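What follows is data_32.pdb (PDB, N, CA and C atoms).
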```pdb
MODEL        1
ATOM      1  N   MET Q 842       6.348  26.990  19.298
ATOM      2  CA  MET Q 842       7.635  27.115  19.942
ATOM      3  C   MET Q 842       8.638  26.223  19.208
ATOM      4  N   GLU Q 843       9.710  26.804  18.728
ATOM      5  CA  GLU Q 843      10.735  26.048  18.019
ATOM      6  C   GLU Q 843      11.657  25.347  19.017
ATOM      7  N   ARG Q 844      12.042  24.128  18.650
ATOM      8  CA  ARG Q 844      12.918  23.322  19.501
ATOM      9  C   ARG Q 844      14.142  22.948  18.681
ATOM     10  N   LYS Q 845      15.340  23.084  19.267
ATOM     11  CA  LYS Q 845      16.578  22.755  18.557
ATOM     12  C   LYS Q 845      16.749  21.237  18.515
ATOM     13  N   ILE Q 846      17.078  20.720  17.313
ATOM     14  CA  ILE Q 846      17.270  19.288  17.115
ATOM     15  C   ILE Q 846      18.468  19.066  16.193
ATOM     16  N   ARG Q 847      18.909  17.816  16.057
ATOM     17  CA  ARG Q 847      19.945  17.439  15.086
ATOM     18  C   ARG Q 847      19.274  16.548  14.056
ATOM     19  N   ILE Q 848      19.505  16.849  12.765
ATOM     20  CA  ILE Q 848      18.901  16.053  11.702
ATOM     21  C   ILE Q 848      19.947  15.686  10.660
ATOM     22  N   PRO Q 849      19.768  14.534   9.986
ATOM     23  CA  PRO Q 849      20.663  14.207   8.879
ATOM     24  C   PRO Q 849      20.316  15.097   7.688
ATOM     25  N   THR Q 850      21.324  15.615   7.001
ATOM     26  CA  THR Q 850      21.062  16.497   5.860
ATOM     27  C   THR Q 850      20.933  15.714   4.567
ATOM     28  N   GLN Q 851      21.533  14.530   4.510
ATOM     29  CA  GLN Q 851      21.422  13.641   3.363
ATOM     30  C   GLN Q 851      21.823  12.251   3.825
ATOM     31  N   PRO Q 852      21.430  11.204   3.090
ATOM     32  CA  PRO Q 852      21.813   9.856   3.530
ATOM     33  C   PRO Q 852      23.331   9.742   3.693
ATOM     34  N   GLY Q 853      23.757   9.317   4.853
ATOM     35  CA  GLY Q 853      25.182   9.166   5.133
ATOM     36  C   GLY Q 853      25.898  10.470   5.426
ATOM     37  N   GLY Q 854      25.176  11.599   5.367
ATOM     38  CA  GLY Q 854      25.792  12.902   5.612
ATOM     39  C   GLY Q 854      25.893  13.206   7.095
ATOM     40  N   LYS Q 855      26.635  14.270   7.411
ATOM     41  CA  LYS Q 855      26.785  14.694   8.796
ATOM     42  C   LYS Q 855      25.478  15.324   9.268
ATOM     43  N   PRO Q 856      25.085  15.045  10.504
ATOM     44  CA  PRO Q 856      23.900  15.707  11.056
ATOM     45  C   PRO Q 856      24.135  17.215  11.190
ATOM     46  N   ALA Q 857      23.057  17.968  11.096
ATOM     47  CA  ALA Q 857      23.138  19.425  11.213
ATOM     48  C   ALA Q 857      22.217  19.894  12.330
ATOM     49  N   ASP Q 858      22.571  21.012  12.931
ATOM     50  CA  ASP Q 858      21.673  21.641  13.896
ATOM     51  C   ASP Q 858      20.506  22.238  13.134
ATOM     52  N   ALA Q 859      19.316  22.083  13.684
ATOM     53  CA  ALA Q 859      18.116  22.609  13.039
ATOM     54  C   ALA Q 859      17.108  22.976  14.112
ATOM     55  N   PHE Q 860      16.107  23.705  13.703
ATOM     56  CA  PHE Q 860      15.008  24.059  14.591
ATOM     57  C   PHE Q 860      13.749  23.378  14.077
ATOM     58  N   GLU Q 861      13.094  22.607  14.952
ATOM     59  CA  GLU Q 861      11.831  21.981  14.604
ATOM     60  C   GLU Q 861      10.783  23.091  14.528
ATOM     61  N   VAL Q 862      10.120  23.217  13.382
ATOM     62  CA  VAL Q 862       9.126  24.273  13.190
ATOM     63  C   VAL Q 862       7.750  23.622  13.132
ATOM     64  N   PRO Q 863       6.885  23.892  14.116
ATOM     65  CA  PRO Q 863       5.560  23.278  14.128
ATOM     66  C   PRO Q 863       4.722  23.684  12.906
ATOM     67  N   ILE Q 864       3.865  22.781  12.482
ATOM     68  CA  ILE Q 864       2.953  23.047  11.362
ATOM     69  C   ILE Q 864       1.703  23.724  11.912
ATOM     70  N   ARG Q 865       1.342  24.841  11.320
ATOM     71  CA  ARG Q 865       0.135  25.542  11.729
ATOM     72  C   ARG Q 865      -1.079  24.978  10.992
ATOM     73  N   GLU Q 866      -0.911  24.720   9.705
ATOM     74  CA  GLU Q 866      -2.022  24.219   8.894
ATOM     75  C   GLU Q 866      -1.445  23.380   7.759
ATOM     76  N   SER Q 867      -2.174  22.349   7.354
ATOM     77  CA  SER Q 867      -1.697  21.476   6.291
ATOM     78  C   SER Q 867      -2.851  21.014   5.422
ATOM     79  N   THR Q 868      -2.632  21.011   4.124
ATOM     80  CA  THR Q 868      -3.591  20.462   3.172
ATOM     81  C   THR Q 868      -2.849  19.413   2.361
ATOM     82  N   GLU Q 869      -3.168  18.169   2.599
ATOM     83  CA  GLU Q 869      -2.507  17.082   1.881
ATOM     84  C   GLU Q 869      -3.468  16.550   0.834
ATOM     85  N   ARG Q 870      -3.144  16.803  -0.415
ATOM     86  CA  ARG Q 870      -3.997  16.374  -1.511
ATOM     87  C   ARG Q 870      -3.422  15.124  -2.178
ATOM     88  N   TRP Q 871      -4.290  14.380  -2.834
ATOM     89  CA  TRP Q 871      -3.874  13.201  -3.590
ATOM     90  C   TRP Q 871      -3.283  13.619  -4.927
ATOM     91  N   THR Q 872      -2.236  12.933  -5.359
ATOM     92  CA  THR Q 872      -1.691  13.061  -6.704
ATOM     93  C   THR Q 872      -2.075  11.777  -7.423
ATOM     94  N   GLU Q 873      -2.723  11.915  -8.578
ATOM     95  CA  GLU Q 873      -3.143  10.734  -9.326
ATOM     96  C   GLU Q 873      -2.242  10.566 -10.538
ATOM     97  N   VAL Q 874      -1.685   9.358 -10.698
ATOM     98  CA  VAL Q 874      -0.736   9.060 -11.756
ATOM     99  C   VAL Q 874      -1.293   7.924 -12.607
ATOM    100  N   THR Q 875      -1.313   8.113 -13.930
ATOM    101  CA  THR Q 875      -1.716   7.049 -14.844
ATOM    102  C   THR Q 875      -0.459   6.496 -15.500
ATOM    103  N   LEU Q 876      -0.231   5.197 -15.346
ATOM    104  CA  LEU Q 876       0.954   4.558 -15.884
ATOM    105  C   LEU Q 876       0.713   4.052 -17.299
ATOM    106  N   GLU Q 877       1.793   3.813 -18.026
ATOM    107  CA  GLU Q 877       1.704   3.336 -19.405
ATOM    108  C   GLU Q 877       0.956   2.018 -19.512
ATOM    109  N   ASP Q 878       1.014   1.176 -18.461
ATOM    110  CA  ASP Q 878       0.321  -0.108 -18.534
ATOM    111  C   ASP Q 878      -1.164  -0.002 -18.218
ATOM    112  N   GLY Q 879      -1.640   1.225 -17.974
ATOM    113  CA  GLY Q 879      -3.059   1.458 -17.729
ATOM    114  C   GLY Q 879      -3.447   1.540 -16.267
ATOM    115  N   ALA Q 880      -2.547   1.204 -15.354
ATOM    116  CA  ALA Q 880      -2.853   1.290 -13.927
ATOM    117  C   ALA Q 880      -2.936   2.753 -13.503
ATOM    118  N   ILE Q 881      -3.821   3.030 -12.560
ATOM    119  CA  ILE Q 881      -3.953   4.373 -11.999
ATOM    120  C   ILE Q 881      -3.645   4.270 -10.510
ATOM    121  N   ILE Q 882      -2.680   5.068 -10.063
ATOM    122  CA  ILE Q 882      -2.233   5.041  -8.666
ATOM    123  C   ILE Q 882      -2.379   6.437  -8.070
ATOM    124  N   ARG Q 883      -2.838   6.479  -6.830
ATOM    125  CA  ARG Q 883      -2.931   7.747  -6.095
ATOM    126  C   ARG Q 883      -1.895   7.746  -4.986
ATOM    127  N   LEU Q 884      -1.230   8.906  -4.808
ATOM    128  CA  LEU Q 884      -0.226   9.079  -3.756
ATOM    129  C   LEU Q 884      -0.568  10.329  -2.955
ATOM    130  N   LYS Q 885      -0.265  10.274  -1.667
ATOM    131  CA  LYS Q 885      -0.445  11.449  -0.817
ATOM    132  C   LYS Q 885       0.681  11.468   0.194
ATOM    133  N   PRO Q 886       1.390  12.605   0.308
ATOM    134  CA  PRO Q 886       2.473  12.663   1.295
ATOM    135  C   PRO Q 886       1.923  12.699   2.717
ATOM    136  N   THR Q 887       2.679  12.141   3.621
ATOM    137  CA  THR Q 887       2.353  12.228   5.039
ATOM    138  C   THR Q 887       3.492  12.990   5.696
ATOM    139  N   ILE Q 888       3.248  14.234   6.040
ATOM    140  CA  ILE Q 888       4.281  15.086   6.630
ATOM    141  C   ILE Q 888       4.074  15.142   8.136
ATOM    142  N   ILE Q 889       5.117  14.776   8.863
ATOM    143  CA  ILE Q 889       5.063  14.824  10.323
ATOM    144  C   ILE Q 889       5.478  16.199  10.827
ATOM    145  N   GLY Q 890       6.435  16.817  10.149
ATOM    146  CA  GLY Q 890       6.899  18.133  10.572
ATOM    147  C   GLY Q 890       7.985  18.651   9.655
ATOM    148  N   PHE Q 891       8.499  19.825   9.978
ATOM    149  CA  PHE Q 891       9.575  20.454   9.218
ATOM    150  C   PHE Q 891      10.652  20.914  10.183
ATOM    151  N   ALA Q 892      11.865  20.996   9.649
ATOM    152  CA  ALA Q 892      12.976  21.541  10.421
ATOM    153  C   ALA Q 892      13.694  22.560   9.544
ATOM    154  N   ARG Q 893      14.095  23.678  10.145
ATOM    155  CA  ARG Q 893      14.869  24.714   9.452
ATOM    156  C   ARG Q 893      16.325  24.559   9.885
ATOM    157  N   ILE Q 894      17.206  24.335   8.923
ATOM    158  CA  ILE Q 894      18.618  24.114   9.238
ATOM    159  C   ILE Q 894      19.234  25.426   9.700
ATOM    160  N   ASP Q 895      19.878  25.358  10.850
ATOM    161  CA  ASP Q 895      20.469  26.535  11.483
ATOM    162  C   ASP Q 895      21.676  27.039  10.695
ATOM    163  N   GLY Q 896      21.655  28.305  10.302
ATOM    164  CA  GLY Q 896      22.800  28.945   9.666
ATOM    165  C   GLY Q 896      23.044  28.551   8.220
ATOM    166  N   GLN Q 897      22.055  27.963   7.531
ATOM    167  CA  GLN Q 897      22.221  27.603   6.121
ATOM    168  C   GLN Q 897      21.091  28.228   5.299
ATOM    169  N   TRP Q 898      21.480  28.736   4.114
ATOM    170  CA  TRP Q 898      20.519  29.381   3.227
ATOM    171  C   TRP Q 898      20.746  28.903   1.799
ATOM    172  N   ASP Q 899      19.694  29.002   0.952
ATOM    173  CA  ASP Q 899      19.864  28.645  -0.454
ATOM    174  C   ASP Q 899      20.498  29.813  -1.206
ATOM    175  N   LEU Q 900      20.652  29.683  -2.521
ATOM    176  CA  LEU Q 900      21.318  30.720  -3.327
ATOM    177  C   LEU Q 900      20.573  32.050  -3.341
ATOM    178  N   GLU Q 901      19.281  32.034  -3.020
ATOM    179  CA  GLU Q 901      18.492  33.276  -2.983
ATOM    180  C   GLU Q 901      18.402  33.866  -1.587
ATOM    181  N   GLY Q 902      19.103  33.269  -0.625
ATOM    182  CA  GLY Q 902      19.113  33.789   0.736
ATOM    183  C   GLY Q 902      17.973  33.290   1.611
ATOM    184  N   ASN Q 903      17.212  32.301   1.138
ATOM    185  CA  ASN Q 903      16.105  31.742   1.918
ATOM    186  C   ASN Q 903      16.625  30.654   2.854
ATOM    187  N   PRO Q 904      16.010  30.522   4.034
ATOM    188  CA  PRO Q 904      16.425  29.447   4.930
ATOM    189  C   PRO Q 904      16.108  28.090   4.302
ATOM    190  N   ILE Q 905      16.904  27.088   4.649
ATOM    191  CA  ILE Q 905      16.701  25.743   4.114
ATOM    192  C   ILE Q 905      15.840  24.952   5.099
ATOM    193  N   TYR Q 906      14.740  24.397   4.589
ATOM    194  CA  TYR Q 906      13.829  23.576   5.375
ATOM    195  C   TYR Q 906      13.932  22.129   4.916
ATOM    196  N   VAL Q 907      13.770  21.210   5.861
ATOM    197  CA  VAL Q 907      13.774  19.784   5.561
ATOM    198  C   VAL Q 907      12.446  19.222   6.039
ATOM    199  N   ALA Q 908      11.740  18.517   5.140
ATOM    200  CA  ALA Q 908      10.479  17.878   5.527
ATOM    201  C   ALA Q 908      10.799  16.629   6.339
ATOM    202  N   ARG Q 909      10.072  16.434   7.394
ATOM    203  CA  ARG Q 909      10.226  15.249   8.225
ATOM    204  C   ARG Q 909       8.909  14.491   8.144
ATOM    205  N   GLY Q 910       8.972  13.282   7.645
ATOM    206  CA  GLY Q 910       7.718  12.558   7.488
ATOM    207  C   GLY Q 910       7.911  11.082   7.276
ATOM    208  N   ALA Q 911       6.807  10.452   7.057
ATOM    209  CA  ALA Q 911       6.798   9.016   6.811
ATOM    210  C   ALA Q 911       6.650   8.778   5.312
ATOM    211  N   ALA Q 912       6.625   7.526   4.935
ATOM    212  CA  ALA Q 912       6.452   7.175   3.528
ATOM    213  C   ALA Q 912       5.107   7.672   3.024
ATOM    214  N   PRO Q 913       5.013   7.936   1.718
ATOM    215  CA  PRO Q 913       3.734   8.387   1.184
ATOM    216  C   PRO Q 913       2.648   7.315   1.297
ATOM    217  N   VAL Q 914       1.424   7.762   1.435
ATOM    218  CA  VAL Q 914       0.276   6.859   1.421
ATOM    219  C   VAL Q 914      -0.019   6.575  -0.044
ATOM    220  N   MET Q 915      -0.220   5.294  -0.396
ATOM    221  CA  MET Q 915      -0.462   4.940  -1.789
ATOM    222  C   MET Q 915      -1.720   4.099  -1.887
ATOM    223  N   ALA Q 916      -2.534   4.384  -2.897
ATOM    224  CA  ALA Q 916      -3.740   3.606  -3.144
ATOM    225  C   ALA Q 916      -3.814   3.279  -4.623
ATOM    226  N   LEU Q 917      -4.072   2.019  -4.936
ATOM    227  CA  LEU Q 917      -4.261   1.607  -6.319
ATOM    228  C   LEU Q 917      -5.716   1.857  -6.665
ATOM    229  N   VAL Q 918      -5.964   2.762  -7.612
ATOM    230  CA  VAL Q 918      -7.327   3.142  -7.964
ATOM    231  C   VAL Q 918      -7.930   2.137  -8.935
ATOM    232  N   SER Q 919      -7.217   1.837  -9.994
ATOM    233  CA  SER Q 919      -7.713   0.843 -10.945
ATOM    234  C   SER Q 919      -6.545   0.248 -11.704
ATOM    235  N   VAL Q 920      -6.768  -0.950 -12.207
ATOM    236  CA  VAL Q 920      -5.753  -1.652 -12.980
ATOM    237  C   VAL Q 920      -6.475  -2.442 -14.070
ATOM    238  N   PRO Q 921      -5.915  -2.494 -15.275
ATOM    239  CA  PRO Q 921      -6.558  -3.254 -16.341
ATOM    240  C   PRO Q 921      -6.681  -4.735 -15.968
ATOM    241  N   ASP Q 922      -7.733  -5.367 -16.442
ATOM    242  CA  ASP Q 922      -7.983  -6.775 -16.112
ATOM    243  C   ASP Q 922      -6.822  -7.691 -16.485
ATOM    244  N   HIS Q 923      -6.129  -7.400 -17.585
ATOM    245  CA  HIS Q 923      -5.053  -8.300 -18.024
ATOM    246  C   HIS Q 923      -3.849  -8.295 -17.067
ATOM    247  N   LEU Q 924      -3.773  -7.336 -16.149
ATOM    248  CA  LEU Q 924      -2.686  -7.299 -15.171
ATOM    249  C   LEU Q 924      -3.050  -7.987 -13.858
ATOM    250  N   LYS Q 925      -4.324  -8.279 -13.664
ATOM    251  CA  LYS Q 925      -4.769  -8.903 -12.415
ATOM    252  C   LYS Q 925      -4.385 -10.377 -12.376
ATOM    253  N   LYS Q 926      -4.250 -10.885 -11.166
ATOM    254  CA  LYS Q 926      -3.918 -12.295 -10.967
ATOM    255  C   LYS Q 926      -5.046 -13.148 -11.547
ATOM    256  N   PRO Q 927      -4.673 -14.138 -12.353
ATOM    257  CA  PRO Q 927      -5.717 -14.995 -12.928
ATOM    258  C   PRO Q 927      -6.440 -15.764 -11.829
ATOM    259  N   GLU Q 928      -7.747 -15.948 -12.019
ATOM    260  CA  GLU Q 928      -8.514 -16.734 -11.060
ATOM    261  C   GLU Q 928      -8.231 -18.207 -11.308
ATOM    262  N   PRO Q 929      -8.217 -19.012 -10.238
ATOM    263  CA  PRO Q 929      -7.947 -20.446 -10.430
ATOM    264  C   PRO Q 929      -9.037 -21.079 -11.285
ATOM    265  N   GLU Q 930      -8.609 -22.031 -12.108
ATOM    266  CA  GLU Q 930      -9.572 -22.745 -12.949
ATOM    267  C   GLU Q 930     -10.416 -23.631 -12.063
ATOM    268  N   SER Q 931     -11.680 -23.878 -12.451
ATOM    269  CA  SER Q 931     -12.537 -24.752 -11.655
ATOM    270  C   SER Q 931     -11.980 -26.167 -11.692
ATOM    271  N   GLY Q 932     -12.097 -26.866 -10.573
ATOM    272  CA  GLY Q 932     -11.592 -28.226 -10.481
ATOM    273  C   GLY Q 932     -10.130 -28.299 -10.104
ATOM    274  N   THR Q 933      -9.512 -27.154  -9.738
ATOM    275  CA  THR Q 933      -8.112 -27.177  -9.321
ATOM    276  C   THR Q 933      -8.008 -26.695  -7.900
ATOM    277  N   VAL Q 934      -6.966 -27.140  -7.239
ATOM    278  CA  VAL Q 934      -6.674 -26.683  -5.889
ATOM    279  C   VAL Q 934      -5.282 -26.091  -5.926
ATOM    280  N   GLN Q 935      -5.159 -24.816  -5.629
ATOM    281  CA  GLN Q 935      -3.896 -24.098  -5.631
ATOM    282  C   GLN Q 935      -3.102 -24.362  -6.907
ATOM    283  N   GLY Q 936      -3.792 -24.285  -8.036
ATOM    284  CA  GLY Q 936      -3.132 -24.406  -9.328
ATOM    285  C   GLY Q 936      -2.867 -25.831  -9.779
ATOM    286  N   LYS Q 937      -3.259 -26.866  -8.996
ATOM    287  CA  LYS Q 937      -3.042 -28.261  -9.393
ATOM    288  C   LYS Q 937      -4.393 -28.911  -9.681
ATOM    289  N   ALA Q 938      -4.416 -29.715 -10.717
ATOM    290  CA  ALA Q 938      -5.655 -30.401 -11.093
ATOM    291  C   ALA Q 938      -5.990 -31.479 -10.073
ATOM    292  N   ASN Q 939      -7.312 -31.679  -9.829
ATOM    293  CA  ASN Q 939      -7.758 -32.760  -8.938
ATOM    294  C   ASN Q 939      -7.833 -34.057  -9.691
TER     295      ASN Q 939
ENDMDL
END
```

Write-out of the structure in structure tokens:
Amino acid sequence: MERKIRIPTQPGGKPADAFEVPIRESTERWTEVTLEDGAIIRLKPTIIGFARIDGQWDLEGNPIYVARGAAPVMALVSVPDHLKKPEPESGTVQGKAN
């Protein structure tokens, strides 16, 4: 069942009338990114729902949908040893010599 809501169309933009469209099924897969410094990061979107903007269409005549969700889930898979925090030297307390 669609419910009419008001949503922002862009940061600082005027809110628009939209219809909340329930999700029937969702497959959220991980995207794995390898950075130039050798770190590997995985990201996965977290989608709470979608809204279809009332009375607006794209250039091909399709209705405009806006994803409603939270920040992406991020996991650091691996990082090269040279980027990790150095372990404290023996005989020191919080980086100061005894």

Here is a test: counting only N, CA and C atoms, which residue of Q:Ile905, Q:Pro856, Q:Thr850, Q:Arg870 is nearest to Arg893 (chain Q)?
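Residue with the minimum atom-to-atom distance to Arg893 (chain Q): Q:Ile905.
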
Show me the residues close to (7.8, 17.1, 9.9) - anything with an atom within 6 Å, counting only N, CA and C atoms - and format the list as a PyMOL selection string.
chain Q and resi 888-892+908-910

Mind pulling up the distance from CA of Ile846 (chain Q) to CA of Val914 (chain Q)?
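Value for the CA of Val914 (chain Q)-CA of Ile846 (chain Q) distance: 26.3 Å.
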
If you count only N, CA and C atoms, the residue of Q:Val874, Q:Leu917, Q:Ile894, Q:Ile881 closest to Phe860 (chain Q) turns out to be Q:Ile894

Residues returned when the PyMOL selection byres ((chain Q and resi 913) around 6) runs on this file, as a list of chain:residue names:
Q:Lys885, Q:Pro886, Q:Thr887, Q:Ala911, Q:Ala912, Q:Val914, Q:Met915

Since we have the selection now, will you write its residues out, keeping N, CA and C atoms, as an mmCIF file, in the coordinates of the input?
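Output contents, as saved in again-v3.cif:
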```
data_model
loop_
_atom_site.group_PDB
_atom_site.id
_atom_site.type_symbol
_atom_site.label_atom_id
_atom_site.label_comp_id
_atom_site.auth_asym_id
_atom_site.auth_seq_id
_atom_site.Cartn_x
_atom_site.Cartn_y
_atom_site.Cartn_z
ATOM 1 N N LYS Q 885 -0.265 10.274 -1.667
ATOM 2 C CA LYS Q 885 -0.445 11.449 -0.817
ATOM 3 C C LYS Q 885 0.681 11.468 0.194
ATOM 4 N N PRO Q 886 1.390 12.605 0.308
ATOM 5 C CA PRO Q 886 2.473 12.663 1.295
ATOM 6 C C PRO Q 886 1.923 12.699 2.717
ATOM 7 N N THR Q 887 2.679 12.141 3.621
ATOM 8 C CA THR Q 887 2.353 12.228 5.039
ATOM 9 C C THR Q 887 3.492 12.990 5.696
ATOM 10 N N ALA Q 911 6.807 10.452 7.057
ATOM 11 C CA ALA Q 911 6.798 9.016 6.811
ATOM 12 C C ALA Q 911 6.650 8.778 5.312
ATOM 13 N N ALA Q 912 6.625 7.526 4.935
ATOM 14 C CA ALA Q 912 6.452 7.175 3.528
ATOM 15 C C ALA Q 912 5.107 7.672 3.024
ATOM 16 N N VAL Q 914 1.424 7.762 1.435
ATOM 17 C CA VAL Q 914 0.276 6.859 1.421
ATOM 18 C C VAL Q 914 -0.019 6.575 -0.044
ATOM 19 N N MET Q 915 -0.220 5.294 -0.396
ATOM 20 C CA MET Q 915 -0.462 4.940 -1.789
ATOM 21 C C MET Q 915 -1.720 4.099 -1.887
#
```

Apply DSSP to the backbone of this structure and, from region 851-936 of chain Q, keep only the residues in strand (DSSP E); write these as a ChimeraX atom specification.
/Q:856-862,872-875,881-898,904-919,933-934

Name the residues that the PyMOL selection byres (((chain Q and resi 921 and name CA) around 12) and name CA) picks from the file above, as a ChimeraX atom specification, using the file's chain letters and numbers.
/Q:875-881,917-920,922-926

Atom C of Pro863 (chain Q) to CA of Ala916 (chain Q), straight-line distance in Å
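These atoms are spaced 27.1 Å apart.
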
Between atom N of Asp899 (chain Q) and CA of Lys855 (chain Q), what is the spacing in Å?
17.8 Å

Grab all the atoms of region 923-930 of chain Q that the file lists, wrap them in a box along x, y and z, add 3 Å per side, and give me centre plus edge lengths in Å (one decimal) as AutoDock Vina command-line options.
```
--center_x -6.6 --center_y -15.5 --center_z -14.1 --size_x 13.7 --size_y 22.3 --size_z 13.8
```

From the options Q:Asp858, Q:Ile848, Q:Gly853, Q:Ser867, which residue's atoms come nearest to Asp895 (chain Q), counting all atoms listed in the file?
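Among the listed residues, the smallest separation from Asp895 (chain Q) belongs to Q:Asp858.
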